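Q: input.cif is reproduced in full below (mmCIF, C-alpha atoms).
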```cif
data_coords
#
loop_
_atom_site.label_atom_id
_atom_site.label_comp_id
_atom_site.auth_asym_id
_atom_site.auth_seq_id
_atom_site.Cartn_x
_atom_site.Cartn_y
_atom_site.Cartn_z
CA MET A 1 176.25 163.17 84.34
CA SER A 2 176.07 160.88 81.30
CA ALA A 3 175.74 162.33 77.81
CA GLN A 4 172.31 162.63 76.27
CA LYS A 5 171.61 160.00 73.60
CA VAL A 6 169.95 161.95 70.81
CA LEU A 7 168.13 160.91 67.63
CA VAL A 8 167.93 163.69 65.01
CA PHE A 9 165.48 163.52 62.12
CA GLY A 10 166.05 165.81 59.12
CA ALA A 11 169.82 166.13 59.49
CA THR A 12 170.25 166.74 55.74
CA GLY A 13 168.34 170.02 56.13
CA ALA A 14 169.74 173.29 57.45
CA VAL A 15 167.85 173.20 60.76
CA GLY A 16 168.24 169.49 61.49
CA GLY A 17 171.89 169.52 60.46
CA ALA A 18 172.64 172.44 62.77
CA ALA A 19 170.73 170.73 65.59
CA ALA A 20 172.80 167.56 65.18
CA LEU A 21 176.08 169.49 65.03
CA GLU A 22 175.30 171.65 68.06
CA ALA A 23 174.23 168.66 70.14
CA HIS A 24 177.39 166.77 69.08
CA ASN A 25 179.64 169.72 69.89
CA ARG A 26 178.04 169.92 73.33
CA GLY A 27 178.89 166.32 74.09
CA ALA A 28 175.68 164.50 73.19
CA GLU A 29 175.79 161.05 71.61
CA VAL A 30 174.05 161.85 68.32
CA TYR A 31 172.43 159.44 65.87
CA LEU A 32 171.07 160.58 62.50
CA ALA A 33 167.66 159.19 61.56
CA MET A 34 167.46 159.23 57.75
CA ARG A 35 165.21 157.92 55.00
CA ASP A 36 168.35 157.27 52.95
CA ILE A 37 171.37 156.58 55.14
CA LYS A 38 173.69 157.11 52.15
CA LYS A 39 172.59 160.70 51.58
CA ALA A 40 175.31 163.31 52.06
CA THR A 41 175.45 165.43 55.20
CA PRO A 42 178.32 167.77 54.23
CA ASN A 43 178.36 169.87 57.40
CA LEU A 44 178.39 166.95 59.83
CA PRO A 45 181.21 164.68 61.01
CA ASP A 46 181.35 161.36 59.15
CA SER A 47 181.65 159.66 62.53
CA LEU A 48 178.01 160.28 63.44
CA PRO A 49 176.15 156.96 63.18
CA ARG A 50 173.11 156.69 60.91
CA VAL A 51 169.95 154.68 61.21
CA GLN A 52 167.14 154.25 58.69
CA ALA A 53 163.89 155.87 59.80
CA ASP A 54 161.10 157.95 58.30
CA LEU A 55 158.66 160.14 60.23
CA THR A 56 155.86 158.89 57.96
CA ASP A 57 156.65 155.26 58.90
CA PRO A 58 155.93 154.64 62.62
CA SER A 59 157.42 151.14 62.63
CA SER A 60 160.76 152.48 61.36
CA ILE A 61 160.71 155.16 64.07
CA GLU A 62 160.17 152.72 66.92
CA LYS A 63 162.82 150.37 65.51
CA ALA A 64 165.38 153.18 65.19
CA VAL A 65 164.82 154.37 68.75
CA LYS A 66 165.20 150.86 70.17
CA GLU A 67 168.29 150.09 68.08
CA THR A 68 170.09 153.27 69.16
CA GLY A 69 168.87 153.39 72.75
CA THR A 70 168.21 157.11 72.35
CA THR A 71 166.01 158.92 74.84
CA THR A 72 165.76 162.38 73.23
CA ALA A 73 164.68 163.17 69.66
CA PHE A 74 164.47 166.13 67.31
CA ILE A 75 161.57 166.02 64.85
CA TYR A 76 159.90 168.31 62.34
CA ILE A 77 156.47 168.56 60.70
CA THR A 78 155.86 166.18 57.81
CA PHE A 79 152.63 167.96 56.76
CA MET A 80 150.68 164.77 57.36
CA ASP A 81 147.20 165.32 58.67
CA ASP A 82 148.02 163.47 61.88
CA MET A 83 151.35 163.02 63.65
CA HIS A 84 149.91 160.91 66.47
CA PRO A 85 151.37 157.67 65.00
CA ALA A 86 154.88 159.16 64.88
CA ALA A 87 154.55 160.53 68.41
CA GLU A 88 153.33 157.18 69.73
CA ALA A 89 156.18 155.36 67.98
CA LEU A 90 158.75 157.66 69.59
CA LYS A 91 157.25 157.03 73.01
CA ASN A 92 156.92 153.28 72.50
CA GLY A 93 160.53 153.08 71.35
CA GLY A 94 161.78 154.72 74.53
CA ILE A 95 162.04 158.45 73.79
CA LYS A 96 161.49 160.50 76.94
CA HIS A 97 161.79 164.03 75.53
CA VAL A 98 161.03 165.38 72.05
CA VAL A 99 162.24 168.69 70.64
CA LEU A 100 159.76 169.71 67.94
CA LEU A 101 160.41 172.26 65.20
CA SER A 102 157.09 174.10 65.34
CA SER A 103 156.16 177.63 64.24
CA PHE A 104 155.84 181.15 65.67
CA THR A 105 152.48 181.30 63.87
CA VAL A 106 150.98 179.04 66.56
CA TYR A 107 150.90 182.14 68.79
CA PRO A 108 148.87 183.49 70.49
CA THR A 109 147.07 180.16 71.10
CA ARG A 110 146.61 176.82 69.39
CA GLU A 111 142.93 177.65 69.06
CA THR A 112 143.70 180.77 67.02
CA ALA A 113 146.29 178.78 65.07
CA PHE A 114 143.60 176.46 63.73
CA ALA A 115 141.80 179.43 62.19
CA ASP A 116 144.89 181.25 60.92
CA GLY A 117 145.88 179.06 57.99
CA ILE A 118 147.49 175.77 57.02
CA ILE A 119 150.98 176.48 58.40
CA SER A 120 149.88 177.39 61.91
CA LYS A 121 147.25 174.64 61.90
CA VAL A 122 149.57 171.73 61.08
CA HIS A 123 152.13 172.86 63.64
CA ALA A 124 149.48 173.23 66.33
CA LYS A 125 148.22 169.74 65.51
CA ALA A 126 151.73 168.32 65.85
CA GLU A 127 152.13 169.94 69.27
CA ILE A 128 148.80 168.46 70.31
CA ALA A 129 149.83 165.02 69.04
CA LEU A 130 152.86 165.06 71.33
CA GLU A 131 150.79 166.33 74.24
CA ASP A 132 148.22 163.58 73.75
CA THR A 133 150.91 160.88 74.11
CA GLY A 134 151.95 162.24 77.48
CA ILE A 135 155.56 162.44 76.32
CA GLU A 136 157.65 165.39 77.56
CA TYR A 137 158.34 167.82 74.73
CA THR A 138 159.86 171.18 73.91
CA THR A 139 158.54 173.26 71.04
CA ILE A 140 160.86 175.51 69.06
CA ARG A 141 158.73 178.21 67.41
CA PRO A 142 160.65 180.22 64.79
CA MET A 143 159.07 182.83 62.54
CA PHE A 144 160.32 183.82 59.06
CA PHE A 145 163.29 181.83 57.71
CA ALA A 146 165.97 183.81 55.85
CA SER A 147 166.13 180.90 53.40
CA ASN A 148 162.61 181.76 52.22
CA LEU A 149 164.33 184.39 50.07
CA TRP A 150 165.68 181.71 47.75
CA GLY A 151 162.14 180.65 46.90
CA LEU A 152 162.25 183.65 44.54
CA LYS A 153 165.69 182.99 43.08
CA ASP A 154 164.31 182.50 39.56
CA MET A 155 162.78 185.97 39.79
CA LEU A 156 166.03 187.28 41.25
CA LYS A 157 167.88 186.16 38.12
CA THR A 158 165.69 188.46 36.00
CA GLY A 159 166.70 191.50 38.04
CA THR A 160 163.09 192.55 38.71
CA MET A 161 161.37 191.63 41.97
CA TYR A 162 157.56 191.58 41.95
CA LEU A 163 156.63 192.06 45.60
CA TYR A 164 153.35 192.10 47.49
CA ARG A 165 153.49 194.68 50.28
CA PRO A 166 157.22 195.40 49.89
CA ASP A 167 157.24 197.49 53.08
CA SER A 168 155.92 194.69 55.34
CA LEU A 169 158.45 193.56 57.93
CA ASP A 170 159.87 190.11 58.65
CA ASP A 171 162.61 188.85 60.96
CA TYR A 172 164.64 186.67 58.54
CA ILE A 173 165.97 184.21 61.11
CA ALA A 174 168.90 182.02 60.03
CA PRO A 175 167.91 178.33 59.88
CA GLU A 176 171.29 177.48 61.42
CA ASP A 177 170.42 179.57 64.48
CA ILE A 178 167.14 177.69 64.87
CA GLY A 179 168.95 174.37 64.69
CA SER A 180 171.61 175.51 67.14
CA VAL A 181 168.99 176.37 69.74
CA ALA A 182 167.34 172.98 69.20
CA GLY A 183 170.72 171.24 69.49
CA ALA A 184 171.54 173.05 72.72
CA LYS A 185 168.24 171.88 74.16
CA LEU A 186 168.82 168.31 72.95
CA ALA A 187 172.23 168.19 74.61
CA SER A 188 171.16 169.72 77.91
CA GLY A 189 167.87 167.89 78.38
CA GLY A 190 165.94 169.57 81.14
CA ALA A 191 162.28 170.37 81.48
CA ALA A 192 159.79 170.91 78.68
CA GLU A 193 159.72 174.43 77.26
CA VAL A 194 158.13 176.58 74.59
CA ILE A 195 160.92 178.54 72.90
CA PRO A 196 159.92 181.33 70.49
CA LEU A 197 162.64 182.38 68.05
CA CYS A 198 163.05 185.42 65.80
CA GLY A 199 165.93 186.99 63.95
CA PRO A 200 167.64 190.06 65.44
CA GLN A 201 166.17 192.60 63.00
CA LEU A 202 162.77 193.38 61.52
CA ILE A 203 163.43 194.20 57.87
CA SER A 204 161.09 195.09 55.02
CA LYS A 205 160.91 192.85 51.97
CA LYS A 206 162.46 195.56 49.82
CA GLU A 207 165.29 196.15 52.30
CA ALA A 208 165.95 192.40 52.42
CA TRP A 209 166.23 192.22 48.65
CA ASP A 210 168.43 195.32 48.64
CA ILE A 211 170.82 193.39 50.89
CA VAL A 212 170.71 190.40 48.55
CA GLY A 213 171.35 192.61 45.53
CA GLU A 214 174.29 194.35 47.20
CA GLU A 215 175.91 191.07 48.24
CA LEU A 216 175.44 189.58 44.76
CA GLY A 217 176.59 192.77 43.05
CA LYS A 218 173.26 192.91 41.24
CA LYS A 219 171.04 195.96 40.66
CA LEU A 220 167.43 195.07 41.38
CA ASN A 221 164.26 196.78 40.23
CA TYR A 222 160.98 196.52 42.13
CA VAL A 223 157.36 196.27 41.06
CA ASP A 224 154.49 196.37 43.55
CA ILE A 225 151.85 193.71 42.87
CA THR A 226 148.37 193.02 44.16
CA GLN A 227 147.30 190.12 46.34
CA GLU A 228 145.74 188.40 43.33
CA GLN A 229 148.90 188.84 41.26
CA PHE A 230 151.02 187.43 44.08
CA LEU A 231 148.83 184.34 44.48
CA ASP A 232 148.86 183.75 40.74
CA GLN A 233 152.66 184.12 40.66
CA PHE A 234 153.03 181.81 43.67
CA LYS A 235 150.84 179.13 42.12
CA LYS A 236 152.62 179.31 38.75
CA ALA A 237 155.91 178.76 40.58
CA GLY A 238 154.55 175.40 41.71
CA HIS A 239 153.80 176.29 45.33
CA PRO A 240 150.53 175.34 47.10
CA GLU A 241 147.97 178.13 46.89
CA MET A 242 146.94 177.65 50.52
CA VAL A 243 150.51 178.42 51.60
CA GLY A 244 150.44 181.56 49.45
CA GLN A 245 147.24 182.62 51.19
CA VAL A 246 148.99 182.31 54.55
CA LEU A 247 151.86 184.49 53.32
CA VAL A 248 149.38 187.12 52.17
CA LYS A 249 147.65 187.03 55.53
CA GLN A 250 150.95 187.43 57.37
CA SER A 251 151.94 190.37 55.16
CA ASP A 252 148.59 192.03 55.83
CA LYS A 253 148.81 191.74 59.63
CA PRO A 254 149.58 194.86 61.67
CA LEU A 255 153.13 194.70 63.03
CA ASN A 256 152.06 194.52 66.69
CA GLU A 257 149.90 191.50 65.87
CA LYS A 258 152.50 189.74 63.75
CA TYR A 259 155.36 190.51 66.15
CA PRO A 260 153.94 191.52 69.56
CA ASP A 261 156.56 193.66 71.32
CA ALA A 262 157.17 191.51 74.41
CA LEU A 263 157.11 188.25 72.48
CA TYR A 264 159.48 189.56 69.80
CA LYS A 265 161.90 190.81 72.44
CA GLU A 266 161.94 187.37 74.08
CA ALA A 267 162.16 185.51 70.77
CA SER A 268 164.99 187.61 69.34
CA GLY A 269 166.96 187.20 72.58
CA ASN A 270 166.57 183.44 72.79
CA ILE A 271 169.31 182.58 70.28
CA LYS A 272 171.99 184.08 72.52
CA LYS A 273 170.24 182.78 75.65
CA TYR A 274 170.40 179.15 74.52
CA THR A 275 173.56 179.08 72.38
CA GLY A 276 175.69 181.77 74.01
CA ARG A 277 176.29 183.30 70.57
CA GLU A 278 174.99 186.40 68.86
CA PRO A 279 172.23 185.73 66.30
CA THR A 280 173.06 185.82 62.60
CA ARG A 281 172.07 189.03 60.85
CA LEU A 282 170.54 188.83 57.39
CA ARG A 283 173.52 190.32 55.55
CA GLU A 284 175.84 187.82 57.21
CA TRP A 285 173.52 184.95 56.25
CA VAL A 286 173.27 186.11 52.63
CA LYS A 287 177.07 186.38 52.35
CA LYS A 288 177.41 182.80 53.55
CA HIS A 289 174.67 181.40 51.32
CA LYS A 290 174.76 183.54 48.18
CA ALA A 291 175.93 180.61 46.06
CA GLU A 292 172.50 179.05 46.70
CA ALA A 293 170.88 181.92 44.80
CA GLU A 294 172.51 180.80 41.57
#
```
Spell out the structure here as structure tokens.
A:
Amino acid sequence: MSAQKVLVFGATGAVGGAAALEAHNRGAEVYLAMRDIKKATPNLPDSLPRVQADLTDPSSIEKAVKETGTTTAFIYITFMDDMHPAAEALKNGGIKHVVLLSSFTVYPTRETAFADGIISKVHAKAEIALEDTGIEYTTIRPMFFASNLWGLKDMLKTGTMYLYRPDSLDDYIAPEDIGSVAGAKLASGGAAEVIPLCGPQLISKKEAWDIVGEELGKKLNYVDITQEQFLDQFKKAGHPEMVGQVLVKQSDKPLNEKYPDALYKEASGNIKKYTGREPTRLREWVKKHKAEAE
């Protein structure tokens, strides 16, 4: 069986980089699709060929696919209103199977996703765009990235964490684990799938920050804040208010709605199922990435 020829978008990011590395390690012929082909990819072999392409530029996508002769691609959401042009360009170039980085928030259905906030909506729309082209695709649906913690690193430096619903639980999945699952799928090919992904533990916000504090050797204090205070804080930090509203909504959801038992069991088991490795626990991830909190 010949090796899969794979085009990976977003290889400078944690997920895309891990996807490229996993696919390469599994014998795939990997090409990196990059806006800037000179940009550093420190965790990837220098031998991986690069091609200029941008998911917001359909002509560059089609050109890159044809130049490389790739038939499988990894893509992510660009937060454009419509990803149909990108999907069509992939198909027209010769891509037969797409692995899409989507979101756990699309569950339970795409219809509910449209009403649940901007994050679930744009991911549902991207899935639909691929479906409308008729191209075969696999959706990777992870939940709460461990790297979201570093969005509060400026607050972390003060030693006081202002948290909305500090007891609400999240799964803190390692971005590298998400990428590794995607890379395994890229390398193996196979039929279209929907792959939910969650981290191996459900941990409260306060417990997560306790872990961060312990690994950094830093004593943290905690202050509970209201929904309004959180949204104001989120906006002042330069983040879109509509994303903050989604985070509030997720924090407010009952646990069995946010992480339904059967779905969480499947999702938390999928990292080992697809990669053959145990998932990364939050403490392990923080140890590896604590320099990023500086």
Q: Counting all atoms listed in the file, which residue out of A:Lys96, A:Leu186, A:Phe145, A:Ala113 sits closest to Tyr31 in chain A?
A: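 Using all atoms listed in the file, Tyr31 in chain A sits closest to A:Leu186.
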Q: Applying 10 Å and all atoms listed in the file, which residues near Asp57 in chain A remain after dropping the ones on its own chain fewer than 2 positions away? List them as a list in words.
A: Arg35, Ala53, Asp54, Leu55, Ser59, Ser60, Ile61, Glu62, Pro85, Ala86 and Ala89 of chain A
Q: Output the selection as a PDB file, in the frame of the given file - C-alpha atoms for each residue.
A:
```
ATOM      1  CA  ARG A  35     165.210 157.920  55.000  1.00  0.00           C
ATOM      2  CA  ALA A  53     163.890 155.870  59.800  1.00  0.00           C
ATOM      3  CA  ASP A  54     161.100 157.950  58.300  1.00  0.00           C
ATOM      4  CA  LEU A  55     158.660 160.140  60.230  1.00  0.00           C
ATOM      5  CA  SER A  59     157.420 151.140  62.630  1.00  0.00           C
ATOM      6  CA  SER A  60     160.760 152.480  61.360  1.00  0.00           C
ATOM      7  CA  ILE A  61     160.710 155.160  64.070  1.00  0.00           C
ATOM      8  CA  GLU A  62     160.170 152.720  66.920  1.00  0.00           C
ATOM      9  CA  PRO A  85     151.370 157.670  65.000  1.00  0.00           C
ATOM     10  CA  ALA A  86     154.880 159.160  64.880  1.00  0.00           C
ATOM     11  CA  ALA A  89     156.180 155.360  67.980  1.00  0.00           C
TER      12      ALA A  89
END
```
Q: From the set A:Glu67, A:Asp167, A:Asp252, A:Glu136, which residue has the shortest atom-to-atom contact distance to Trp209 in chain A, counting only C-alpha atoms?
A: A:Asp167
Q: Give me, as JSON, numbers by chain, all polymer residues having an atom no more than 8 Å from range 270-284 of chain A, counting all atoms listed in the file and skipping those fewer than 5 positions away in the same chain.
A: {"A": [146, 172, 173, 174, 177, 178, 180, 181, 184, 185, 195, 196, 197, 199, 200, 201, 208, 211, 212, 215]}
Q: If you apply the PyMOL selection byres ((chain A and resi 74) around 7) to this file, what residues do you get, as a list in words?
A: Leu7, Val8, Phe9, Ala73, Ile75, Val98, Val99 and Leu100 of chain A
Q: Every residue with an atom at most 7 Å from (169.9, 157.3, 59.0) (file coordinates; all atoms listed in the file) is what I'm after, so could you write them as a PyMOL selection string?
A: chain A and resi 32-37+50-53
Q: Find, counting all atoms listed in the file, the residue in A:Glu228, A:Glu193, A:Glu266, A:Glu176 that gets nearest to Gly17 in chain A.
A: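 Smallest separation from Gly17 in chain A among the options: A:Glu176.
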Q: From the set A:Thr78, A:Gly179, A:Thr138, A:Lys125, which residue has the shortest atom-to-atom contact distance to Gly16 in chain A, counting all atoms listed in the file?
A: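 Smallest separation from Gly16 in chain A among the options: A:Gly179.
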Q: Considering only C-alpha atoms, can you say which of A:Lys38, A:Ser102, A:Val248, A:Val243 comes closest to Pro166 in chain A?
A: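 Between A:Lys38, A:Ser102, A:Val248, A:Val243, the residue approaching Pro166 in chain A most closely is A:Val248.
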Q: Work out how far CA of Ala14 in chain A is from CA of Ile203 in chain A, in Å to one decimal.
A: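 Separation between CA of Ile203 in chain A and CA of Ala14 in chain A: 21.8 Å.
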Q: Name every residue that the PyMOL selection byres ((chain A and resi 94) around 9) selects in this structure, writing the answer as a ChimeraX atom specification with chains first and numbers rising.
A: /A:62,65-66,69-72,89-93,95-96
Q: As a check of understanding, name the residues that the PyMOL selection byres ((chain A and resi 47) around 12) selects in the supplied structure, as a ChimeraX atom specification.
A: /A:21,24,29-32,41,43-46,48-50
Q: Would you mind listing what lies within 12 Å of Leu156 in chain A as a ChimeraX atom specification, with all atoms listed in the file counted and same-chain residues fewer than 3 positions away left out?
A: /A:149-153,159-163,209-210,212-213,216,218-222,290,292-294
Q: Please measure the separation of CA of Gly117 in chain A and CA of Lys258 in chain A, giving the value in Å to one decimal.
A: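 Taking CA of Gly117 in chain A and CA of Lys258 in chain A, their separation equals 13.8 Å.
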